[in-house]
$ cat work_31.pdb   # PDB, C-alpha atoms
ATOM      1  CA  SER A   1     117.984 135.631 119.297
ATOM      2  CA  ILE A   2     115.775 135.600 122.365
ATOM      3  CA  LEU A   3     117.622 132.643 123.897
ATOM      4  CA  LYS A   4     121.000 134.299 123.396
ATOM      5  CA  LYS A   5     119.693 137.437 125.064
ATOM      6  CA  MET A   6     118.418 135.436 128.023
ATOM      7  CA  VAL A   7     121.691 133.528 128.430
ATOM      8  CA  SER A   8     123.825 136.651 128.144
ATOM      9  CA  GLY A   9     121.728 138.517 130.672
ATOM     10  CA  GLY A  10     120.264 140.892 128.123
ATOM     11  CA  LYS A  11     116.630 141.882 127.850
ATOM     12  CA  ALA A  12     114.417 139.991 125.462
ATOM     13  CA  ALA A  13     112.006 142.180 123.540
ATOM     14  CA  TYR A  14     108.306 141.625 124.064
ATOM     15  CA  GLU A  15     107.872 140.986 120.322
ATOM     16  CA  ASP A  16     110.462 138.185 120.458
ATOM     17  CA  VAL A  17     108.668 136.373 123.248
ATOM     18  CA  GLU A  18     105.284 136.930 121.649
ATOM     19  CA  GLY A  19     106.534 135.672 118.286
ATOM     20  CA  LEU A  20     107.950 132.502 119.833
ATOM     21  CA  THR A  21     104.709 131.827 121.721
ATOM     22  CA  VAL A  22     102.548 132.321 118.634
ATOM     23  CA  SER A  23     104.869 130.217 116.473
ATOM     24  CA  LEU A  24     104.597 127.244 118.825
ATOM     25  CA  GLY A  25     100.823 127.540 118.866
ATOM     26  CA  VAL A  26     100.655 127.701 115.065
ATOM     27  CA  ILE A  27     102.815 124.580 114.693
ATOM     28  CA  TYR A  28     100.603 122.701 117.132
ATOM     29  CA  ALA A  29      97.501 123.842 115.242
ATOM     30  CA  LEU A  30      98.979 122.719 111.910
ATOM     31  CA  MET A  31     100.010 119.284 113.194
ATOM     32  CA  LEU A  32      96.808 118.473 115.072
ATOM     33  CA  PRO A  33      94.658 117.738 111.951
ATOM     34  CA  THR A  34      97.254 115.214 110.782
ATOM     35  CA  ALA A  35      97.020 113.350 114.077
ATOM     36  CA  LEU A  36      93.218 113.481 114.020
ATOM     37  CA  ASN A  37      93.086 112.156 110.456
ATOM     38  CA  LEU A  38      95.457 109.313 111.290
ATOM     39  CA  GLN A  39      93.295 108.421 114.270
ATOM     40  CA  ASN A  40      90.191 108.281 112.068
ATOM     41  CA  VAL A  41      91.668 106.052 109.340
ATOM     42  CA  GLY A  42      93.386 103.637 111.727
ATOM     43  CA  PHE A  43      90.768 100.900 111.289
ATOM     44  CA  ASP A  44      90.650 100.494 107.499
ATOM     45  CA  ASP A  45      91.102  97.308 105.466
ATOM     46  CA  GLY A  46      94.886  97.478 105.569
ATOM     47  CA  VAL A  47      94.915  97.624 109.364
ATOM     48  CA  GLN A  48      92.387  94.770 109.535
ATOM     49  CA  SER A  49      94.652  92.639 107.365
ATOM     50  CA  LYS A  50      97.464  93.163 109.871
ATOM     51  CA  ASN A  51      95.063  92.267 112.696
ATOM     52  CA  PHE A  52      94.361  89.005 110.873
ATOM     53  CA  MET A  53      98.058  88.238 110.389
ATOM     54  CA  LEU A  54      98.860  89.098 114.011
ATOM     55  CA  MET A  55      96.153  86.751 115.289
ATOM     56  CA  LEU A  56      97.479  84.005 113.046
ATOM     57  CA  CYS A  57     100.996  84.639 114.330
ATOM     58  CA  THR A  58     100.179  84.624 118.037
ATOM     59  CA  GLN A  59      96.999  82.554 118.503
ATOM     60  CA  PRO A  60      97.032  78.801 117.711
ATOM     61  CA  ASP A  61      93.310  78.667 118.510
ATOM     62  CA  PHE A  62      92.640  81.276 115.846
ATOM     63  CA  ARG A  63      94.564  79.272 113.252
ATOM     64  CA  SER A  64      92.445  76.239 114.077
ATOM     65  CA  TYR A  65      89.343  78.412 113.922
ATOM     66  CA  VAL A  66      90.281  79.636 110.443
ATOM     67  CA  VAL A  67      90.843  76.113 109.116
ATOM     68  CA  GLU A  68      87.634  74.843 110.710
ATOM     69  CA  THR A  69      85.591  77.706 109.289
ATOM     70  CA  MET A  70      86.899  77.359 105.753
ATOM     71  CA  THR A  71      86.607  73.575 105.530
ATOM     72  CA  ASP A  72      83.255  72.921 107.216
ATOM     73  CA  PRO A  73      80.295  73.366 104.830
ATOM     74  CA  SER A  74      77.904  73.170 107.779
ATOM     75  CA  THR A  75      78.930  76.692 108.786
ATOM     76  CA  GLY A  76      76.708  77.979 105.996
ATOM     77  CA  ASP A  77      77.175  81.168 104.033
ATOM     78  CA  VAL A  78      79.777  82.942 106.159
ATOM     79  CA  GLY A  79      81.074  85.513 103.740
ATOM     80  CA  THR A  80      83.039  85.751 100.525
ATOM     81  CA  TYR A  81      84.081  82.118 100.192
ATOM     82  CA  ALA A  82      82.438  78.789  99.386
ATOM     83  CA  PRO A  83      83.899  76.002 101.587
ATOM     84  CA  GLU A  84      83.687  73.377  98.870
ATOM     85  CA  ALA A  85      85.389  75.646  96.299
ATOM     86  CA  PHE A  86      88.282  77.099  98.287
ATOM     87  CA  ASP A  87      91.629  75.772  97.089
ATOM     88  CA  TRP A  88      94.254  75.621  99.814
ATOM     89  CA  ASN A  89      96.993  75.076  97.228
ATOM     90  CA  LEU A  90      98.542  78.254  95.881
ATOM     91  CA  THR A  91     100.341  77.832  92.557
ATOM     92  CA  LEU A  92     103.462  79.982  92.379
ATOM     93  CA  GLY A  93     104.718  79.036  88.923
ATOM     94  CA  ARG A  94     107.464  76.658  87.733
ATOM     95  CA  GLY A  95     105.802  73.795  89.534
ATOM     96  CA  ARG A  96     105.949  75.429  92.947
ATOM     97  CA  VAL A  97     102.905  75.015  95.187
ATOM     98  CA  LEU A  98     102.267  76.383  98.674
ATOM     99  CA  ASN A  99      99.657  74.513 100.704
ATOM    100  CA  THR A 100      98.269  77.195 102.989
ATOM    101  CA  LYS A 101      96.329  74.698 105.093
ATOM    102  CA  THR A 102      99.545  72.829 105.866
ATOM    103  CA  ILE A 103     101.140  76.088 106.986
ATOM    104  CA  LEU A 104      98.179  76.932 109.241
ATOM    105  CA  GLU A 105      98.268  73.485 110.829
ATOM    106  CA  SER A 106     102.040  73.488 111.369
ATOM    107  CA  ASP A 107     103.589  73.347 114.831
ATOM    108  CA  SER A 108     106.078  75.588 116.615
ATOM    109  CA  SER A 109     108.690  74.914 113.948
ATOM    110  CA  VAL A 110     106.761  77.444 111.823
ATOM    111  CA  TRP A 111     104.726  79.383 114.379
ATOM    112  CA  LYS A 112     107.352  80.464 116.897
ATOM    113  CA  LEU A 113     105.598  83.500 118.381
ATOM    114  CA  ASP A 114     102.458  82.088 119.977
ATOM    115  CA  GLY A 115     101.289  84.352 122.784
ATOM    116  CA  GLY A 116     103.407  87.249 121.516
ATOM    117  CA  HIS A 117     102.736  90.998 121.583
ATOM    118  CA  PRO A 118     101.957  93.276 118.601
ATOM    119  CA  GLU A 119     105.642  93.703 117.746
ATOM    120  CA  ALA A 120     105.669  89.978 116.917
ATOM    121  CA  LEU A 121     104.099  90.960 113.606
ATOM    122  CA  TYR A 122     107.498  92.034 112.287
ATOM    123  CA  GLN A 123     109.207  88.703 113.004
ATOM    124  CA  CYS A 124     106.214  86.722 111.816
ATOM    125  CA  GLY A 125     105.696  88.757 108.662
ATOM    126  CA  ALA A 126     109.333  88.238 107.704
ATOM    127  CA  VAL A 127     108.612  84.507 107.206
ATOM    128  CA  ARG A 128     107.648  84.185 103.545
ATOM    129  CA  GLU A 129     105.299  81.235 103.963
ATOM    130  CA  ILE A 130     103.420  82.900 106.811
ATOM    131  CA  ALA A 131     103.095  86.270 105.056
ATOM    132  CA  THR A 132     101.865  84.608 101.860
ATOM    133  CA  THR A 133      99.420  82.349 103.697
ATOM    134  CA  ALA A 134      97.974  85.277 105.633
ATOM    135  CA  ARG A 135      97.558  87.300 102.434
ATOM    136  CA  VAL A 136      95.779  84.512 100.552
ATOM    137  CA  VAL A 137      93.546  83.300 103.374
ATOM    138  CA  HIS A 138      92.512  86.774 104.534
ATOM    139  CA  GLU A 139      91.327  87.580 101.027
ATOM    140  CA  ASN A 140      88.734  84.808 101.362
ATOM    141  CA  PHE A 141      88.007  84.835 105.097
ATOM    142  CA  PRO A 142      85.030  86.938 106.292
ATOM    143  CA  ASN A 143      86.156  89.881 108.419
ATOM    144  CA  TRP A 144      83.180  89.626 110.715
ATOM    145  CA  ARG A 145      84.388  86.227 111.910
ATOM    146  CA  SER A 146      87.810  87.707 112.737
ATOM    147  CA  ASP A 147      86.025  90.484 114.619
ATOM    148  CA  ALA A 148      83.907  87.949 116.503
ATOM    149  CA  TYR A 149      86.992  85.995 117.578
ATOM    150  CA  ALA A 150      88.745  89.155 118.799
ATOM    151  CA  LEU A 151      85.622  90.277 120.690
ATOM    152  CA  MET A 152      85.331  86.914 122.437
ATOM    153  CA  ASN A 153      89.050  86.923 123.287
ATOM    154  CA  PRO A 154      89.908  90.430 124.542
ATOM    155  CA  GLU A 155      93.410  89.339 125.543
ATOM    156  CA  VAL A 156      94.354  88.821 121.881
ATOM    157  CA  PRO A 157      96.830  91.492 120.656
ATOM    158  CA  LEU A 158      95.626  93.575 117.717
ATOM    159  CA  TRP A 159      97.593  95.827 115.390
ATOM    160  CA  SER A 160      94.729  98.336 115.456
ATOM    161  CA  ASP A 161      95.120  98.652 119.257
ATOM    162  CA  HIS A 162      98.864  99.188 118.845
ATOM    163  CA  LEU A 163      98.307 101.850 116.187
ATOM    164  CA  SER A 164      95.429 103.488 118.045
ATOM    165  CA  ALA A 165      97.539 103.832 121.193
ATOM    166  CA  MET A 166     100.275 105.740 119.354
ATOM    167  CA  ASN A 167      97.716 107.843 117.496
ATOM    168  CA  SER A 168      95.957 108.712 120.740
ATOM    169  CA  PHE A 169      99.179 109.726 122.479
ATOM    170  CA  GLY A 170     100.166 111.907 119.535
ATOM    171  CA  MET A 171      96.722 113.504 119.241
ATOM    172  CA  CYS A 172      96.526 114.221 122.969
ATOM    173  CA  GLY A 173     100.055 115.620 122.853
ATOM    174  CA  PHE A 174      99.148 118.118 120.132
ATOM    175  CA  MET A 175      95.881 119.080 121.833
ATOM    176  CA  SER A 176      97.598 119.600 125.183
ATOM    177  CA  GLY A 177     100.410 121.586 123.588
ATOM    178  CA  LEU A 178      97.950 123.758 121.684
ATOM    179  CA  LEU A 179      96.023 124.538 124.867
ATOM    180  CA  GLY A 180      99.299 125.160 126.694
ATOM    181  CA  SER A 181     100.418 127.599 124.009
ATOM    182  CA  LEU A 182      97.091 129.402 124.256
ATOM    183  CA  GLU A 183      97.354 129.705 128.031
ATOM    184  CA  ILE A 184     100.948 130.933 127.824
ATOM    185  CA  TYR A 185      99.965 133.525 125.230
ATOM    186  CA  ILE A 186      97.009 134.718 127.321
ATOM    187  CA  SER A 187      99.226 135.061 130.381
ATOM    188  CA  LEU A 188     101.732 137.047 128.307
ATOM    189  CA  CYS A 189      99.001 139.390 127.053
ATOM    190  CA  LEU A 190      97.680 139.918 130.580
ATOM    191  CA  SER A 191     101.125 140.693 131.958
ATOM    192  CA  SER A 192     102.624 144.169 132.101
ATOM    193  CA  GLY A 193     105.369 143.198 129.685
ATOM    194  CA  ARG A 194     104.076 145.262 126.771
ATOM    195  CA  GLU A 195     103.342 148.465 128.701
ATOM    196  CA  ASP A 196     106.334 148.403 131.052
ATOM    197  CA  GLU A 197     109.062 150.178 129.082
ATOM    198  CA  SER A 198     111.644 149.384 131.733
ATOM    199  CA  GLY A 199     111.421 145.717 130.774
ATOM    200  CA  LYS A 200     110.970 144.561 134.378
ATOM    201  CA  GLY A 201     107.427 143.352 133.745
ATOM    202  CA  LEU A 202     108.563 141.133 130.890
ATOM    203  CA  GLU A 203     111.560 140.007 132.925
ATOM    204  CA  ARG A 204     109.249 138.867 135.726
ATOM    205  CA  TRP A 205     107.060 137.033 133.221
ATOM    206  CA  ASN A 206     110.096 135.397 131.639
ATOM    207  CA  SER A 207     111.176 133.932 134.975
ATOM    208  CA  LEU A 208     108.258 131.482 134.704
ATOM    209  CA  GLY A 209     106.895 131.912 131.188
ATOM    210  CA  PHE A 210     110.108 131.241 129.296
ATOM    211  CA  PRO A 211     110.802 127.871 130.998
ATOM    212  CA  LEU A 212     107.202 126.920 130.175
ATOM    213  CA  LEU A 213     107.816 127.879 126.545
ATOM    214  CA  CYS A 214     110.901 125.651 126.460
ATOM    215  CA  LEU A 215     108.927 122.827 128.050
ATOM    216  CA  ASN A 216     106.197 123.286 125.457
ATOM    217  CA  LEU A 217     108.783 123.119 122.690
ATOM    218  CA  LEU A 218     110.140 119.821 124.053
ATOM    219  CA  PHE A 219     106.574 118.553 124.295
ATOM    220  CA  LEU A 220     106.068 119.452 120.635
ATOM    221  CA  MET A 221     109.162 117.515 119.623
ATOM    222  CA  GLY A 222     107.942 114.474 121.566
ATOM    223  CA  ALA A 223     104.474 114.635 120.009
ATOM    224  CA  ILE A 224     105.981 114.857 116.515
ATOM    225  CA  MET A 225     108.138 111.788 117.180
ATOM    226  CA  VAL A 226     105.105 109.806 118.382
ATOM    227  CA  LEU A 227     103.187 110.900 115.279
ATOM    228  CA  MET A 228     106.058 109.784 113.052
ATOM    229  CA  PHE A 229     106.059 106.311 114.592
ATOM    230  CA  ALA A 230     102.260 106.118 114.331
ATOM    231  CA  ASN A 231     102.366 107.164 110.680
ATOM    232  CA  ASP A 232     105.083 104.588 110.026
ATOM    233  CA  ALA A 233     102.952 101.844 111.610
ATOM    234  CA  TYR A 234      99.946 102.912 109.549
ATOM    235  CA  SER A 235     101.972 102.971 106.324
ATOM    236  CA  GLU A 236     103.159  99.446 107.069
ATOM    237  CA  SER A 237      99.561  98.294 107.463
ATOM    238  CA  GLN A 238      98.847  99.417 103.879
ATOM    239  CA  ASP A 239     101.811  97.529 102.442
ATOM    240  CA  PRO A 240     101.727  93.709 102.134
ATOM    241  CA  PHE A 241     105.492  93.809 101.503
ATOM    242  CA  PHE A 242     106.296  95.831 104.632
ATOM    243  CA  VAL A 243     108.999  93.494 105.995
ATOM    244  CA  ARG A 244     110.088  91.750 102.817
ATOM    245  CA  SER A 245     113.473  93.487 103.040
ATOM    246  CA  GLY A 246     113.634  93.235 106.824
ATOM    247  CA  ARG A 247     112.070  95.484 109.426
ATOM    248  CA  MET A 248     114.604  98.259 108.872
ATOM    249  CA  GLY A 249     115.079  97.667 105.152
ATOM    250  CA  SER A 250     112.684 100.232 103.736
ATOM    251  CA  TYR A 251     113.613 103.822 102.907
ATOM    252  CA  ALA A 252     110.928 105.041 105.310
ATOM    253  CA  LYS A 253     112.595 103.212 108.200
ATOM    254  CA  ILE A 254     116.026 104.514 107.259
ATOM    255  CA  ALA A 255     114.666 108.073 107.149
ATOM    256  CA  LEU A 256     112.920 107.593 110.497
ATOM    257  CA  VAL A 257     116.091 106.365 112.173
ATOM    258  CA  ALA A 258     118.080 109.224 110.631
ATOM    259  CA  ILE A 259     115.654 111.786 112.056
TER     260      ILE A 259
END

$ encode --input "work_31.pdb" --output "structure tokens"
Amino acid sequence: SILKKMVSGGKAAYEDVEGLTVSLGVIYALMLPTALNLQNVGFDDGVQSKNFMLMLCTQPDFRSYVVETMTDPSTGDVGTYAPEAFDWNLTLGRGRVLNTKTILESDSSVWKLDGGHPEALYQCGAVREIATTARVVHENFPNWRSDAYALMNPEVPLWSDHLSAMNSFGMCGFMSGLLGSLEIYISLCLSSGREDESGKGLERWNSLGFPLLCLNLLFLMGAIMVLMFANDAYSESQDPFFVRSGRMGSYAKIALVAI
């Protein structure tokens, strides 16, 4: 291999170096659309539901705002619910009833993560009563009112911001790596490595170009890892049961840790 030749002091063929450079560029080009697509879908209904849960988990004012909105008929037609018709009691069968209003109005004995960061969603979502309340209430609460609260309180953590940050880092990583691969390939083509049969031209190029290729490979590995975490966060946003078995209980998490 080209690396073995370099380590042993042998001469790497021009075709080896060119093949490695092109391969890196192709991998970057193949991965970039995935990152772009993930960036574009990172604000769908599933992500908004996690925004709603996160605001419930970390913002006592938002919980009060939700209760006030859904119990005050004077607010008018605010969306998909009718204040006088909304039933706070959720029947769960066998005589079990969950009063979602009671949960929302509970103190720190239930809501233990007020003022927390986006990662608080995992601890909060693992509480059955909170996860169920968020699912039921969000189904009836108008999204535009959640948006209005978040816009008026920019300090509030949002799952979409958390996801967008990882998506952006991954996308920029693939774009930068793709451009880097292109520049490395252009410099290789402009060098005398192909025409110089003695191999000295390629050897001179390798003194700087090969370390850059290795750096670009490490950059690719980092960008792929960021994309994996971003994809995992997005997948969780689509699943209302994402922490029912614990944060690391799903097969996707086990696979991610293994990798």

$ residues_around --input "work_31.pdb" --residues "A:Glu139" --least-positions-apart "3" --cutoff "9 Å" --atoms "all atoms listed in the file" --output "mmCIF file with C-alpha atoms, keeping the file's coordinate frame"
data_model
loop_
_atom_site.group_PDB
_atom_site.id
_atom_site.type_symbol
_atom_site.label_atom_id
_atom_site.label_comp_id
_atom_site.auth_asym_id
_atom_site.auth_seq_id
_atom_site.Cartn_x
_atom_site.Cartn_y
_atom_site.Cartn_z
ATOM 1 C CA SER A 49 94.652 92.639 107.365
ATOM 2 C CA THR A 80 83.039 85.751 100.525
ATOM 3 C CA ALA A 134 97.974 85.277 105.633
ATOM 4 C CA ARG A 135 97.558 87.300 102.434
ATOM 5 C CA VAL A 136 95.779 84.512 100.552
ATOM 6 C CA PRO A 142 85.030 86.938 106.292
#

$ atom_distance --input "work_31.pdb" --atom1 "atom CA of A:Asp44" --atom2 "atom CA of A:Tyr234"
9.8 Å

$ closest_residue --input "work_31.pdb" --among "A:Ala35, A:Val137, A:Met70, A:Met53" --to "A:Leu227" --atoms "all atoms listed in the file"
A:Ala35

$ closest_residue --input "work_31.pdb" --among "A:Asn153, A:Thr102, A:Asn216, A:Ser164" --to "A:Leu182" --atoms "only C-alpha atoms"
A:Asn216

$ closest_residue --input "work_31.pdb" --among "A:Val22, A:Val17, A:Leu113, A:Leu220" --to "A:Leu54" --atoms "only C-alpha atoms"
A:Leu113

$ resolve_selection --input "work_31.pdb" --expression "the PyMOL selection byres ((chain A and resi 90-101) around 9)" --output "ChimeraX atom specification"
/A:67,87-89,102-106,129-130,132-134,136-137

$ resolve_selection --input "work_31.pdb" --expression "the PyMOL selection byres ((chain A and resi 222) around 12)" --output "list in words"
Tyr28, Met166, Phe169, Gly170, Met171, Cys172, Gly173, Phe174, Gly177, Leu215, Asn216, Leu217, Leu218, Phe219, Leu220, Met221, Ala223, Ile224, Met225, Val226, Leu227, Met228 and Phe229 of chain A

$ write_last_selection --input "work_31.pdb" --atoms "C-alpha atoms" --output "PDB file, in the frame of the given file"
ATOM      1  CA  TYR A  28     100.603 122.701 117.132  1.00  0.00           C
ATOM      2  CA  MET A 166     100.275 105.740 119.354  1.00  0.00           C
ATOM      3  CA  PHE A 169      99.179 109.726 122.479  1.00  0.00           C
ATOM      4  CA  GLY A 170     100.166 111.907 119.535  1.00  0.00           C
ATOM      5  CA  MET A 171      96.722 113.504 119.241  1.00  0.00           C
ATOM      6  CA  CYS A 172      96.526 114.221 122.969  1.00  0.00           C
ATOM      7  CA  GLY A 173     100.055 115.620 122.853  1.00  0.00           C
ATOM      8  CA  PHE A 174      99.148 118.118 120.132  1.00  0.00           C
ATOM      9  CA  GLY A 177     100.410 121.586 123.588  1.00  0.00           C
ATOM     10  CA  LEU A 215     108.927 122.827 128.050  1.00  0.00           C
ATOM     11  CA  ASN A 216     106.197 123.286 125.457  1.00  0.00           C
ATOM     12  CA  LEU A 217     108.783 123.119 122.690  1.00  0.00           C
ATOM     13  CA  LEU A 218     110.140 119.821 124.053  1.00  0.00           C
ATOM     14  CA  PHE A 219     106.574 118.553 124.295  1.00  0.00           C
ATOM     15  CA  LEU A 220     106.068 119.452 120.635  1.00  0.00           C
ATOM     16  CA  MET A 221     109.162 117.515 119.623  1.00  0.00           C
ATOM     17  CA  ALA A 223     104.474 114.635 120.009  1.00  0.00           C
ATOM     18  CA  ILE A 224     105.981 114.857 116.515  1.00  0.00           C
ATOM     19  CA  MET A 225     108.138 111.788 117.180  1.00  0.00           C
ATOM     20  CA  VAL A 226     105.105 109.806 118.382  1.00  0.00           C
ATOM     21  CA  LEU A 227     103.187 110.900 115.279  1.00  0.00           C
ATOM     22  CA  MET A 228     106.058 109.784 113.052  1.00  0.00           C
ATOM     23  CA  PHE A 229     106.059 106.311 114.592  1.00  0.00           C
TER      24      PHE A 229
END

$ resolve_selection --input "work_31.pdb" --expression "the PyMOL selection byres ((chain A and resi 124) around 10)" --output "ChimeraX atom specification"
/A:53-54,56-58,110-113,119-123,125-131,243

$ closest_residue --input "work_31.pdb" --among "A:His117, A:Lys200, A:Gly42, A:Leu20" --to "A:Asp232" --atoms "only C-alpha atoms"
A:Gly42

$ atom_distance --input "work_31.pdb" --atom1 "atom CA of A:Gln48" --atom2 "atom CA of A:Thr69"
18.4 Å

$ closest_residue --input "work_31.pdb" --among "A:Leu213, A:Met31, A:Ser146, A:Tyr65" --to "A:Leu158" --atoms "only C-alpha atoms"
A:Ser146

$ atom_distance --input "work_31.pdb" --atom1 "atom CA of A:Ala150" --atom2 "atom CA of A:Asp45"
15.8 Å
